[in-house]
Structure formats: structure tokens, C-alpha cells
>>> print(open('upload05.tsv').read())   # TSV, C-alpha atoms
chain	number	residue	atom	x	y	z
J	389	MET	CA	0.94	92.28	31.95
J	390	THR	CA	3.13	90.18	29.66
J	391	THR	CA	2.04	86.53	29.42
J	392	LEU	CA	4.10	83.68	27.98
J	393	ARG	CA	2.66	80.42	26.68
J	394	THR	CA	3.93	77.45	24.71
J	395	PRO	CA	4.31	77.83	21.83
J	396	GLY	CA	5.40	81.38	22.40
J	397	PRO	CA	5.25	84.34	20.04
J	398	THR	CA	6.92	84.10	16.66
J	399	LEU	CA	9.32	86.74	15.39
J	400	GLY	CA	9.57	86.98	11.61
J	401	VAL	CA	12.97	88.25	10.47
J	402	VAL	CA	13.78	89.49	6.99
J	403	GLY	CA	17.37	88.33	6.61
J	404	GLY	CA	19.06	85.18	7.83
J	405	GLY	CA	22.73	86.09	8.10
J	406	GLN	CA	24.80	86.14	11.26
J	407	LEU	CA	22.57	88.77	12.87
J	408	GLY	CA	19.52	86.58	12.31
J	409	ARG	CA	21.44	83.62	13.72
J	410	MET	CA	22.38	85.46	16.93
J	411	LEU	CA	18.86	86.90	17.19
J	412	ALA	CA	17.39	83.38	17.10
J	413	GLU	CA	19.92	82.22	19.70
J	414	ALA	CA	18.86	85.03	22.03
J	415	ALA	CA	15.13	84.64	21.41
J	416	SER	CA	15.00	80.92	22.23
J	417	PRO	CA	15.52	81.19	26.03
J	418	LEU	CA	12.68	83.72	26.13
J	419	GLY	CA	10.31	81.21	24.56
J	420	VAL	CA	10.22	83.18	21.31
J	421	GLU	CA	10.36	81.29	18.02
J	422	VAL	CA	12.08	82.81	14.99
J	423	VAL	CA	11.32	82.31	11.29
J	424	VAL	CA	13.72	83.94	8.86
J	425	LEU	CA	13.42	84.90	5.20
J	426	ASP	CA	16.61	84.75	3.17
J	427	PRO	CA	17.48	83.95	-0.46
J	428	THR	CA	20.38	81.65	0.46
J	429	PRO	CA	19.21	78.09	1.17
J	430	ASP	CA	20.40	76.86	4.58
J	431	CYS	CA	21.46	80.40	5.50
J	432	PRO	CA	23.56	81.04	8.65
J	433	ALA	CA	20.43	81.52	10.78
J	434	ALA	CA	18.73	78.33	9.56
J	435	PRO	CA	20.32	75.88	12.04
J	436	VAL	CA	19.03	77.82	15.06
J	437	ALA	CA	15.78	79.36	13.72
J	438	ARG	CA	12.47	77.48	13.75
J	439	ASP	CA	12.24	77.69	9.96
J	440	GLN	CA	13.48	79.51	6.88
J	441	ILE	CA	11.50	80.87	3.96
J	442	VAL	CA	13.78	80.90	0.91
J	443	ALA	CA	12.99	84.14	-0.90
J	444	ASP	CA	14.62	87.43	-1.83
J	445	PHE	CA	14.52	90.30	0.65
J	446	ASP	CA	12.00	92.15	-1.55
J	447	ASP	CA	9.88	89.11	-2.49
J	448	GLU	CA	6.37	90.21	-1.61
J	449	ALA	CA	4.86	86.72	-1.66
J	450	GLY	CA	7.61	85.47	0.65
J	451	ILE	CA	7.18	88.38	3.06
J	452	ARG	CA	3.41	87.82	3.10
J	453	GLU	CA	4.05	84.20	4.07
J	454	LEU	CA	6.44	85.39	6.79
J	455	ALA	CA	3.84	87.85	8.12
J	456	ALA	CA	1.19	85.12	8.19
J	457	ARG	CA	3.42	83.02	10.45
J	458	ALA	CA	4.65	85.81	12.74
J	459	ASP	CA	3.32	88.00	15.52
J	460	VAL	CA	5.72	90.79	14.57
J	461	LEU	CA	8.15	91.40	11.73
J	462	THR	CA	11.64	92.85	11.93
J	463	PHE	CA	14.72	92.90	9.69
J	464	GLU	CA	18.42	92.29	10.12
J	465	ILE	CA	19.52	93.81	6.80
J	466	GLU	CA	18.76	97.17	5.21
J	467	LEU	CA	18.13	95.46	1.85
J	468	ALA	CA	14.64	94.66	3.13
J	469	ASP	CA	12.15	96.54	0.94
J	470	GLN	CA	10.41	99.20	3.00
J	471	ASP	CA	7.50	99.60	0.59
J	472	VAL	CA	6.77	95.87	0.54
J	473	LEU	CA	7.00	95.68	4.34
J	474	GLU	CA	4.60	98.60	4.67
J	475	ARG	CA	2.03	97.06	2.30
J	476	VAL	CA	2.24	93.63	3.90
J	477	SER	CA	1.90	95.07	7.39
J	478	GLU	CA	-1.15	97.11	6.43
J	479	ASP	CA	-2.82	94.15	4.71
J	480	SER	CA	-1.98	91.49	7.28
J	481	GLY	CA	-2.13	93.51	10.47
J	482	THR	CA	1.31	92.17	11.46
J	483	PRO	CA	3.34	95.06	12.89
J	484	VAL	CA	6.87	95.83	11.69
J	485	HIS	CA	9.54	97.16	14.05
J	486	PRO	CA	11.46	99.33	13.49
J	487	LYS	CA	8.86	100.94	11.24
J	488	PRO	CA	9.25	100.84	7.44
J	489	SER	CA	9.38	104.65	7.53
J	490	THR	CA	12.60	104.40	9.55
J	491	LEU	CA	14.05	101.94	7.05
J	492	ARG	CA	13.10	104.39	4.30
J	493	THR	CA	15.04	107.16	6.07
J	494	ILE	CA	18.07	104.96	6.75
J	495	HIS	CA	18.10	103.42	3.27
J	496	ASP	CA	19.32	106.64	1.65
J	497	LYS	CA	22.30	108.15	3.47
J	498	LEU	CA	21.57	111.62	2.09
J	499	VAL	CA	17.97	111.52	3.32
J	500	GLN	CA	19.25	110.18	6.66
J	501	LYS	CA	21.73	113.03	7.10
J	502	ARG	CA	19.21	115.70	6.09
J	503	GLU	CA	16.57	114.49	8.53
J	504	LEU	CA	19.05	114.22	11.38
J	505	GLU	CA	20.55	117.64	10.69
J	506	ASP	CA	17.05	119.13	10.63
J	507	ALA	CA	16.45	117.54	14.04
J	508	GLY	CA	19.56	119.19	15.48
J	509	VAL	CA	21.76	116.08	15.55
J	510	PRO	CA	25.41	117.10	14.96
J	511	VAL	CA	26.68	115.75	11.62
J	512	PRO	CA	29.76	116.48	9.48
J	513	PRO	CA	29.24	118.95	6.61
J	514	PHE	CA	27.78	117.09	3.60
J	515	ARG	CA	26.16	117.66	0.24
J	516	GLU	CA	24.50	115.82	-2.61
J	517	VAL	CA	26.65	114.76	-5.55
J	518	GLU	CA	25.29	114.83	-9.08
J	519	ASP	CA	28.59	114.96	-10.95
J	520	ALA	CA	32.34	115.08	-10.36
J	521	ASP	CA	32.28	118.88	-10.22
J	522	ASP	CA	30.25	118.62	-7.01
J	523	ILE	CA	33.08	116.61	-5.47
J	524	ARG	CA	35.64	119.16	-6.58
J	525	ASP	CA	33.49	121.97	-5.14
J	526	ALA	CA	33.33	120.07	-1.85
J	527	ILE	CA	37.12	119.82	-1.78
J	528	ASP	CA	37.26	123.60	-2.28
J	529	ASP	CA	34.89	124.12	0.65
J	530	TYR	CA	35.86	121.31	3.03
J	531	GLY	CA	39.47	120.67	2.10
J	532	ALA	CA	40.98	117.37	0.99
J	533	PRO	CA	40.41	114.55	1.47
J	534	VAL	CA	36.63	114.19	1.40
J	535	MET	CA	34.58	111.02	1.80
J	536	LEU	CA	32.39	110.02	-1.13
J	537	LYS	CA	29.55	107.68	-0.16
J	538	ALA	CA	27.03	105.69	-2.15
J	539	ARG	CA	23.62	106.83	-0.97
J	540	THR	CA	22.23	103.29	-0.98
J	541	GLY	CA	23.52	99.76	-0.65
J	542	GLY	CA	26.92	100.34	0.95
J	543	TYR	CA	28.07	98.32	3.96
J	544	ASP	CA	31.35	97.12	5.48
J	545	GLY	CA	33.21	99.88	3.67
J	546	ARG	CA	31.70	99.11	0.28
J	547	GLY	CA	30.48	102.30	-1.32
J	548	ASN	CA	32.74	104.57	0.77
J	549	VAL	CA	35.58	106.11	-1.20
J	550	PRO	CA	38.10	108.64	0.17
J	551	VAL	CA	38.86	111.29	-2.47
J	552	GLU	CA	42.34	112.69	-1.95
J	553	SER	CA	42.36	115.32	-4.70
J	554	LYS	CA	40.26	116.92	-7.41
J	555	ALA	CA	42.04	114.78	-9.99
J	556	ASP	CA	40.54	111.67	-8.35
J	557	ALA	CA	36.94	112.89	-8.49
J	558	ASP	CA	35.86	111.28	-11.77
J	559	GLU	CA	37.33	107.88	-10.94
J	560	ALA	CA	35.85	107.92	-7.44
J	561	LEU	CA	32.37	108.75	-8.70
J	562	GLU	CA	32.60	106.01	-11.31
J	563	SER	CA	33.55	103.49	-8.64
J	564	VAL	CA	30.46	104.35	-6.58
J	565	ALA	CA	28.32	103.71	-9.68
J	566	GLY	CA	25.11	105.33	-8.50
J	567	PRO	CA	23.56	108.19	-6.52
J	568	ALA	CA	26.15	109.63	-4.13
J	569	MET	CA	26.83	112.17	-1.44
J	570	VAL	CA	30.05	113.66	-0.12
J	571	GLU	CA	31.09	114.51	3.44
J	572	SER	CA	33.95	116.44	4.89
J	573	PHE	CA	36.64	114.18	6.29
J	574	VAL	CA	36.43	114.17	10.09
J	575	ASP	CA	39.72	114.44	11.97
J	576	PHE	CA	38.58	112.18	14.79
J	577	GLU	CA	40.25	111.08	17.98
J	578	ARG	CA	38.41	107.77	17.86
J	579	GLU	CA	35.35	106.14	16.37
J	580	VAL	CA	32.74	105.12	18.91
J	581	SER	CA	29.27	103.66	18.89
J	582	VAL	CA	26.24	103.54	21.12
J	583	ILE	CA	23.99	100.51	20.89
J	584	ALA	CA	20.65	102.04	21.83
J	585	VAL	CA	17.29	100.38	22.38
J	586	LYS	CA	13.89	101.94	21.80
J	587	GLY	CA	11.24	100.00	23.69
J	588	ASP	CA	7.61	100.57	24.47
J	589	ASP	CA	7.83	103.98	26.19
J	590	GLU	CA	11.38	103.34	27.42
J	591	VAL	CA	14.90	103.85	26.08
J	592	ALA	CA	18.13	102.14	27.10
J	593	THR	CA	21.76	102.49	26.02
J	594	PHE	CA	24.66	100.08	26.36
J	595	PRO	CA	28.08	101.33	27.53
J	596	LEU	CA	30.04	103.25	24.89
J	597	GLY	CA	32.16	101.11	22.58
J	598	GLU	CA	35.35	102.21	20.83
J	599	ASN	CA	35.71	100.89	17.29
J	600	VAL	CA	38.81	100.23	15.22
J	601	HIS	CA	38.27	100.15	11.46
J	602	VAL	CA	40.72	99.21	8.73
J	603	ASP	CA	39.71	99.94	5.12
J	604	GLU	CA	36.28	100.98	6.46
J	605	ILE	CA	35.68	97.47	7.90
J	606	LEU	CA	35.19	97.03	11.64
J	607	ARG	CA	38.05	95.00	13.11
J	608	GLU	CA	37.76	95.56	16.88
J	609	THR	CA	35.44	96.99	19.53
J	610	ILE	CA	36.74	97.95	22.98
J	611	VAL	CA	34.37	98.39	25.93
J	612	PRO	CA	34.43	100.62	27.81
J	613	ALA	CA	35.70	103.08	25.23
J	614	ARG	CA	38.86	104.98	26.12
J	615	SER	CA	36.89	108.24	26.11
J	616	SER	CA	36.49	110.86	28.79
J	617	GLU	CA	33.37	110.74	30.91
J	618	ALA	CA	32.20	114.00	29.35
J	619	ALA	CA	32.64	112.66	25.80
J	620	ALA	CA	30.79	109.47	26.70
J	621	GLU	CA	27.87	111.43	28.16
J	622	ARG	CA	27.75	113.56	25.02
J	623	ALA	CA	27.63	110.39	22.91
J	624	TYR	CA	24.67	109.09	24.93
J	625	ASP	CA	22.90	112.44	24.50
J	626	VAL	CA	23.39	112.32	20.72
J	627	ALA	CA	22.16	108.72	20.61
J	628	ARG	CA	18.98	109.64	22.48
J	629	ASP	CA	18.42	112.53	20.07
J	630	VAL	CA	18.81	110.10	17.17
J	631	LEU	CA	16.16	107.80	18.65
J	632	GLU	CA	13.74	110.72	18.71
J	633	VAL	CA	13.96	110.78	14.91
J	634	MET	CA	13.59	107.01	14.49
J	635	ASP	CA	10.11	105.49	14.38
J	636	GLY	CA	9.52	102.06	15.86
J	637	ARG	CA	10.90	99.78	18.52
J	638	GLY	CA	14.16	97.89	18.37
J	639	VAL	CA	17.94	98.14	18.62
J	640	TYR	CA	19.81	100.87	16.75
J	641	GLY	CA	23.54	100.83	16.13
J	642	ILE	CA	24.63	104.49	16.21
J	643	GLU	CA	28.15	105.11	14.89
J	644	LEU	CA	29.83	108.32	15.99
J	645	PHE	CA	33.04	110.30	15.64
J	646	GLU	CA	34.72	111.68	18.74
J	647	THR	CA	36.85	114.70	17.83
J	648	PRO	CA	40.09	115.66	19.61
J	649	ASP	CA	38.21	118.34	21.60
J	650	GLY	CA	35.64	115.82	22.84
J	651	GLU	CA	32.80	116.75	20.50
J	652	ILE	CA	30.58	114.04	19.03
J	653	LEU	CA	29.44	113.87	15.39
J	654	LEU	CA	27.08	111.30	13.92
J	655	ASN	CA	28.53	108.99	11.29
J	656	GLU	CA	25.81	106.48	10.39
J	657	ILE	CA	22.88	104.55	11.87
J	658	ALA	CA	21.88	100.90	11.52
J	659	PRO	CA	18.22	100.26	12.50
J	660	ARG	CA	19.06	96.78	13.81
J	661	PRO	CA	21.64	95.00	15.98
J	662	HIS	CA	25.13	96.02	14.91
J	663	ASN	CA	28.55	94.40	14.65
J	664	SER	CA	29.92	96.82	17.25
J	665	GLY	CA	27.35	95.48	19.70
J	666	HIS	CA	28.27	91.79	19.50
J	667	TRP	CA	30.40	92.22	22.63
J	668	THR	CA	27.16	92.50	24.62
J	669	ILE	CA	26.57	88.73	24.42
J	670	GLU	CA	29.28	88.13	27.02
J	671	GLY	CA	30.01	91.65	28.26
J	672	ALA	CA	26.60	93.00	29.26
J	673	GLN	CA	23.78	91.86	31.53
J	674	SER	CA	21.59	91.28	28.46
J	675	SER	CA	22.72	91.20	24.84
J	676	GLN	CA	21.66	93.53	22.04
J	677	PHE	CA	19.88	90.54	20.47
J	678	GLU	CA	17.82	89.82	23.57
J	679	GLN	CA	17.01	93.52	23.81
J	680	HIS	CA	15.92	93.65	20.17
J	681	THR	CA	13.63	90.67	20.73
J	682	ARG	CA	12.11	92.25	23.84
J	683	ALA	CA	11.72	95.64	22.18
J	684	VAL	CA	10.02	94.58	18.95
J	685	LEU	CA	7.58	92.42	20.92
J	686	GLY	CA	6.78	95.35	23.21
J	687	TRP	CA	8.16	93.58	26.28
J	688	PRO	CA	10.01	95.38	29.10
J	689	LEU	CA	13.69	95.87	28.34
J	690	GLY	CA	16.47	94.14	30.26
J	691	SER	CA	19.53	95.59	31.92
J	692	THR	CA	22.21	97.04	29.64
J	693	GLU	CA	24.83	97.32	32.41
J	694	LEU	CA	28.38	96.16	31.79
J	695	ARG	CA	29.36	92.81	33.29
J	696	SER	CA	33.08	93.42	32.79
J	697	PRO	CA	35.41	95.10	30.29
J	698	THR	CA	35.25	93.24	26.98
J	699	VAL	CA	37.07	93.39	23.65
J	700	LEU	CA	35.71	92.04	20.38
J	701	THR	CA	37.73	91.16	17.30
J	702	ASN	CA	36.19	90.07	14.01
J	703	LEU	CA	37.34	86.95	12.22
J	704	LEU	CA	37.69	88.07	8.60
J	705	GLY	CA	38.58	86.00	5.60
J	706	ASP	CA	42.37	86.07	5.24
J	707	VAL	CA	42.30	84.33	1.85
J	708	ASP	CA	43.06	85.65	-1.63
J	709	GLU	CA	40.04	84.09	-3.33
J	710	GLU	CA	36.79	82.38	-2.41
J	711	GLN	CA	37.10	78.89	-0.98
J	712	ARG	CA	35.43	76.48	1.42
J	713	ALA	CA	35.34	77.91	4.93
J	714	GLU	CA	37.66	76.08	7.32
J	715	LEU	CA	39.08	77.91	10.33
J	716	GLY	CA	42.22	76.24	11.56
J	717	ASP	CA	44.35	76.41	14.70
J	718	ILE	CA	41.49	77.28	17.07
J	719	ASP	CA	42.79	75.29	20.07
J	720	ARG	CA	44.49	78.23	21.79
J	721	LEU	CA	41.37	80.33	21.34
J	722	LEU	CA	39.19	77.64	22.89
J	723	GLU	CA	41.59	77.13	25.79
J	724	THR	CA	42.00	80.81	26.76
J	725	PRO	CA	40.03	81.83	29.89
J	726	GLY	CA	37.55	84.61	29.18
J	727	ALA	CA	37.68	84.07	25.40
J	728	ASN	CA	34.51	83.18	23.47
J	729	LEU	CA	34.27	82.07	19.84
J	730	HIS	CA	31.24	82.85	17.69
J	731	TRP	CA	31.12	81.03	14.35
J	732	TYR	CA	28.58	82.30	11.80
J	733	GLY	CA	28.18	79.08	9.81
J	734	LYS	CA	28.97	80.52	6.39
J	735	ARG	CA	29.97	77.81	3.94
J	736	GLN	CA	32.35	79.89	1.83
J	737	VAL	CA	35.08	82.32	2.89
J	738	ARG	CA	36.01	85.32	0.75
J	739	PRO	CA	38.64	88.02	1.25
J	740	LEU	CA	37.67	90.12	4.30
J	741	ARG	CA	34.28	88.42	4.67
J	742	LYS	CA	33.03	88.39	8.27
J	743	MET	CA	33.06	84.73	9.28
J	744	GLY	CA	32.81	85.01	13.04
J	745	HIS	CA	34.07	86.96	16.02
J	746	VAL	CA	35.89	86.49	19.30
J	747	THR	CA	35.25	88.28	22.56
J	748	VAL	CA	37.65	88.43	25.47
J	749	SER	CA	36.10	89.42	28.78
J	750	ALA	CA	37.86	90.31	32.01
J	751	GLU	CA	37.24	88.69	35.37
J	752	ASP	CA	36.59	92.00	37.14
J	753	GLU	CA	35.44	95.50	36.31
J	754	ASP	CA	38.83	97.10	36.99
J	755	ALA	CA	40.70	95.09	34.34
J	756	ASP	CA	43.03	96.79	31.88
J	757	VAL	CA	41.37	96.96	28.45
J	758	GLU	CA	44.80	97.31	26.82
J	759	ALA	CA	45.72	93.84	28.08
J	760	LEU	CA	42.40	92.46	26.84
J	761	LEU	CA	42.99	94.02	23.44
J	762	GLU	CA	46.44	92.49	23.22
J	763	THR	CA	45.04	89.05	24.06
J	764	ALA	CA	42.24	89.40	21.51
J	765	ARG	CA	44.70	90.37	18.79
J	766	GLU	CA	46.98	87.45	19.62
J	767	LEU	CA	44.06	85.01	19.43
J	768	GLU	CA	42.86	86.44	16.13
J	769	ASP	CA	46.37	86.28	14.68
J	770	ALA	CA	46.71	82.62	15.70
J	771	VAL	CA	43.81	81.36	13.54
J	772	THR	CA	43.57	81.25	9.77
J	773	PHE	CA	41.30	80.24	6.89
J	774	ARG	CA	44.27	79.47	4.68
J	775	ASN	CA	44.69	75.81	3.80
>>> encode(input="upload05.tsv", output="C-alpha cells")
Amino acid sequence: MTTLRTPGPTLGVVGGGQLGRMLAEAASPLGVEVVVLDPTPDCPAAPVARDQIVADFDDEAGIRELAARADVLTFEIELADQDVLERVSEDSGTPVHPKPSTLRTIHDKLVQKRELEDAGVPVPPFREVEDADDIRDAIDDYGAPVMLKARTGGYDGRGNVPVESKADADEALESVAGPAMVESFVDFEREVSVIAVKGDDEVATFPLGENVHVDEILRETIVPARSSEAAAERAYDVARDVLEVMDGRGVYGIELFETPDGEILLNEIAPRPHNSGHWTIEGAQSSQFEQHTRAVLGWPLGSTELRSPTVLTNLLGDVDEEQRAELGDIDRLLETPGANLHWYGKRQVRPLRKMGHVTVSAEDEDADVEALLETARELEDAVTFRN
């Protein structure tokens, strides 16, 4: 039986960005305190977390301090050092969820793809890249274009480079500047994602989301996805197969390609709450952040059912160079029924930096998602960071 006292359990989070901020917001009503570790003083999560330890994501002394103050450790960024987390957990007895072994698998995209392929999860054709000739060979085998990916460190489109021809191979590999892999380019009907939760002997999935990317950066998520029922069920099946490979409790953002014939291929996995799951705060019975808190603590999971159709749009920096973050013209957004603003508290805005997001939720389950999407786009277009 789960028992709650005051003070409640403490969740130690490596990373204090917007995910850590929303995690602390969701944990508080449950009586769970959050301490974050982040190298940026007064990080986005700091105003809502119990405390912040200012240290790098791989700072062993800082992570040991975090473990000493927490009942369980988790992470909101893949830059957390899996070896340090493993050592600290073994020495302190403070569990880490998801497990450091999962972070080790996710950390290297080539290792990730190999393990998932070995487990029978459908993935696009891929191969390791040691030199530009490997890219040219892939173009011979897969056709052009191909997608070159940095094996480590890439996010929000960084480290993903489309290679249109053999002549571009050398320049593309130089731009990645490190170990790389290459995948065939998937001719997809749409990009979708399943936010899945691995609890203590239970698994839950949120409704399928449809994602719109521009320049490899997520711009919009539409729920429910405009997929067939059969394609959606296939996506849930793939997501559950992915969870079989992952070790440890928590939320997993599972990005997928839906092909024109309704097949589902795995794109990438995030072993943490994911941008394409932010819609759950307003659109689902319980958010991905509440579910992550419950899961890593070993508590029963909440309902993942849809409250009503919901569209998310990210608020990205629309500036040409870094400047102080000031979002103007927000009145219409605040006045629109069903619209919700989430501000991440970042002090500086940079080109295409994620500064916040907006969700627009319908009043009933039969609402037209196209109309919601149009409203969300209009609200996003009406605000600006430009002075």
C-alpha cells in the first residue's frame, strides 16, 4: 500500500530545463518534492522546484549530493552521465529510473537502432558511418537522399543532416563532427509519437499524437492523430515492443514514422517526458509529467485517456540573434477560450530556441482538429520575441 506523509518523497532530477520545471509542477500536488541539478544558476525549473544544485550533468560530487537528498533519481536530459549515475546509485542505494543501462542504449543512436532491430522492432535501414565513402555506399543501396545522424548529442534537429547526393557526403560528415550513422530516408505519410509509461508491473500509453516538424524541430502536435485506427493500433504495438527493450520505470517518448501504406517504423526514443507529450497537461486525464513522477516512485499509474482533442504549438525564438527574452502581444492568446500558455522562464531567446508552448483544447470530444490547428497557428503567429 502506498503511504503519503509530510514531507513527502523527494525526486532528484538531473536537468533543470523546461521538462524539469513541468515535472516539478506536476509533482507538487502529489506531495512530492523535487530537487534539480543543472549547471545554469536559476535554471527554468528553479522557481518551482524545492531546490537546485548548481553542477554539470556529469558532476559526480553534485550527483552524489542529489542522491543523498532524494528517494529516487531520474533525468530530463540525455546528457546525464550514465556511468556516474550507475556508480552513485550503487554506492548510495538511491535507485535511478529509467535505469542507467537504458540511458546507455539511448545515448548512442547506432547502439539504440541495433538493439531495437535485434528485438524485432521495425526500423528504417541503417548503417554505421566511418567515412564519407560509407555515406556514398548508402546512397547506392538506399537511394538519395539519406539522413546522416550524429550518434550522440543531437537534439531538436541538431546533428541530423539530409544528404541529397554523393557530392555532399564529405561536407555533411564534417558538419556532424563526430561518430555518425546513416539511415534511409523514409517516405512517410506523417510523423507520429506515442508517449508510453512503464510503471511497476504495468504499462500505459497516451493517445497517438501527430507531429509536424520544420527543419527537424517540432512545431506542432495534433491529438488525436489523423491516422487510421489500424495504423494507430500498430503504433501502440510498436511502442509496447520498445518498452520491452527499455529497462526501468518512467515515461518514454517514442517517435515513429507512419508510411503511406499504414506501416509504422521507429524513428527515435527519448527515455523521459517529451515535447510531443506536452499536450497531455490539458488534453489528458493525467499529464506525462504526473505519470513520470508516479512511475519512477513505483506508484500506481493514472489514467491516460483523452479529455478532448488538443493541439500544441511551440513558441520558438523568432529573432536573428540572442537577446533578452520578452514575448509580446500575448493578450489574444490569454483571452482565447481553450487556449493555455506555458512559459519556460528562460532569460535569453535565441533563433528557434524553445521558449514555451501553447495548447488549444476543444470543449467536446467530437471537435474538428483542423479548426483547433488553425486557431493554434493564429495564436502562435500573433506573438513575437522581436522588440
>>> atom_distance(input="upload05.tsv", atom1="CA of Glu643 (chain J)", atom2="CA of Thr747 (chain J)")
19.8 Å
>>> atom_distance(input="upload05.tsv", atom1="CA of His662 (chain J)", atom2="CA of Ser416 (chain J)")
19.6 Å
>>> atom_distance(input="upload05.tsv", atom1="CA of Asp446 (chain J)", atom2="CA of Leu703 (chain J)")
29.3 Å
>>> closest_residue(input="upload05.tsv", among="J:Val511, J:Val737, J:Leu689, J:Val771", to="Asn655 (chain J)", atoms="all atoms listed in the file")
J:Val511
>>> residues_near_point(input="upload05.tsv", point="(18.0, 109.3, 17.5)", cutoff="9 Å", atoms="only C-alpha atoms", output="mmCIF file with C-alpha atoms, in the coordinates of the input")
data_model
loop_
_atom_site.group_PDB
_atom_site.id
_atom_site.type_symbol
_atom_site.label_atom_id
_atom_site.label_comp_id
_atom_site.auth_asym_id
_atom_site.auth_seq_id
_atom_site.Cartn_x
_atom_site.Cartn_y
_atom_site.Cartn_z
ATOM 1 C CA LEU J 504 19.050 114.220 11.380
ATOM 2 C CA VAL J 509 21.760 116.080 15.550
ATOM 3 C CA ALA J 584 20.650 102.040 21.830
ATOM 4 C CA VAL J 626 23.390 112.320 20.720
ATOM 5 C CA ALA J 627 22.160 108.720 20.610
ATOM 6 C CA ARG J 628 18.980 109.640 22.480
ATOM 7 C CA ASP J 629 18.420 112.530 20.070
ATOM 8 C CA VAL J 630 18.810 110.100 17.170
ATOM 9 C CA LEU J 631 16.160 107.800 18.650
ATOM 10 C CA GLU J 632 13.740 110.720 18.710
ATOM 11 C CA VAL J 633 13.960 110.780 14.910
ATOM 12 C CA MET J 634 13.590 107.010 14.490
ATOM 13 C CA TYR J 640 19.810 100.870 16.750
ATOM 14 C CA ILE J 642 24.630 104.490 16.210
ATOM 15 C CA ILE J 657 22.880 104.550 11.870
#
>>> residues_around(input="upload05.tsv", residues="Ala434 (chain J)", least_positions_apart="5", cutoff="9 Å", atoms="all atoms listed in the file", output="PyMOL selection string")
chain J and resi 404-405+408-409+423-424+429+439-440
>>> closest_residue(input="upload05.tsv", among="J:Arg738, J:Arg614, J:Trp687, J:Arg712", to="Thr391 (chain J)", atoms="all atoms listed in the file")
J:Trp687
>>> residues_around(input="upload05.tsv", residues="Phe445 (chain J)", least_positions_apart="6", cutoff="8 Å", atoms="all atoms listed in the file", output="list of chain:residue names")
J:Val402, J:Gly403, J:Leu425, J:Asp426, J:Pro427, J:Ile451, J:Leu467, J:Ala468, J:Asp469
>>> build_atoms(input="upload05.tsv", residues="region 629-651 of chain J", atoms="N, CA and C atoms", output="tab-separated table (two decimals), keeping the file's coordinate frame")
chain	number	residue	atom	x	y	z
J	629	ASP	N	19.00	111.62	21.06
J	629	ASP	CA	18.42	112.53	20.07
J	629	ASP	C	18.13	111.80	18.76
J	630	VAL	N	19.02	110.89	18.38
J	630	VAL	CA	18.81	110.10	17.17
J	630	VAL	C	17.54	109.26	17.31
J	631	LEU	N	17.34	108.65	18.46
J	631	LEU	CA	16.16	107.80	18.65
J	631	LEU	C	14.86	108.60	18.53
J	632	GLU	N	14.93	109.88	18.86
J	632	GLU	CA	13.74	110.72	18.71
J	632	GLU	C	13.30	110.81	17.25
J	633	VAL	N	14.25	110.69	16.34
J	633	VAL	CA	13.96	110.78	14.91
J	633	VAL	C	13.47	109.43	14.37
J	634	MET	N	13.93	108.34	14.97
J	634	MET	CA	13.59	107.01	14.49
J	634	MET	C	12.19	106.61	14.94
J	635	ASP	N	11.48	105.89	14.09
J	635	ASP	CA	10.11	105.49	14.38
J	635	ASP	C	10.05	103.97	14.50
J	636	GLY	N	9.67	103.49	15.66
J	636	GLY	CA	9.52	102.06	15.86
J	636	GLY	C	10.50	101.50	16.87
J	637	ARG	N	10.11	100.39	17.46
J	637	ARG	CA	10.90	99.78	18.52
J	637	ARG	C	12.04	98.94	17.95
J	638	GLY	N	13.07	98.75	18.76
J	638	GLY	CA	14.16	97.89	18.37
J	638	GLY	C	15.51	98.45	18.77
J	639	VAL	N	16.55	97.74	18.38
J	639	VAL	CA	17.94	98.14	18.62
J	639	VAL	C	18.44	98.97	17.45
J	640	TYR	N	19.20	100.01	17.76
J	640	TYR	CA	19.81	100.87	16.75
J	640	TYR	C	21.30	100.96	17.03
J	641	GLY	N	22.10	100.65	16.02
J	641	GLY	CA	23.54	100.83	16.13
J	641	GLY	C	23.90	102.23	15.64
J	642	ILE	N	24.39	103.08	16.53
J	642	ILE	CA	24.63	104.49	16.21
J	642	ILE	C	26.13	104.74	16.23
J	643	GLU	N	26.70	104.91	15.04
J	643	GLU	CA	28.15	105.11	14.89
J	643	GLU	C	28.48	106.60	14.94
J	644	LEU	N	29.51	106.93	15.70
J	644	LEU	CA	29.83	108.32	15.99
J	644	LEU	C	31.32	108.58	15.84
J	645	PHE	N	31.65	109.83	15.58
J	645	PHE	CA	33.04	110.30	15.64
J	645	PHE	C	33.23	111.10	16.91
J	646	GLU	N	34.31	110.84	17.62
J	646	GLU	CA	34.72	111.68	18.74
J	646	GLU	C	35.91	112.51	18.29
J	647	THR	N	35.78	113.82	18.30
J	647	THR	CA	36.85	114.70	17.83
J	647	THR	C	37.88	114.92	18.94
J	648	PRO	N	39.06	115.44	18.59
J	648	PRO	CA	40.09	115.66	19.61
J	648	PRO	C	39.65	116.57	20.76
J	649	ASP	N	38.69	117.46	20.53
J	649	ASP	CA	38.21	118.34	21.60
J	649	ASP	C	37.00	117.77	22.34
J	650	GLY	N	36.70	116.48	22.09
J	650	GLY	CA	35.64	115.82	22.84
J	650	GLY	C	34.24	115.99	22.27
J	651	GLU	N	34.11	116.64	21.12
J	651	GLU	CA	32.80	116.75	20.50
J	651	GLU	C	32.40	115.45	19.82
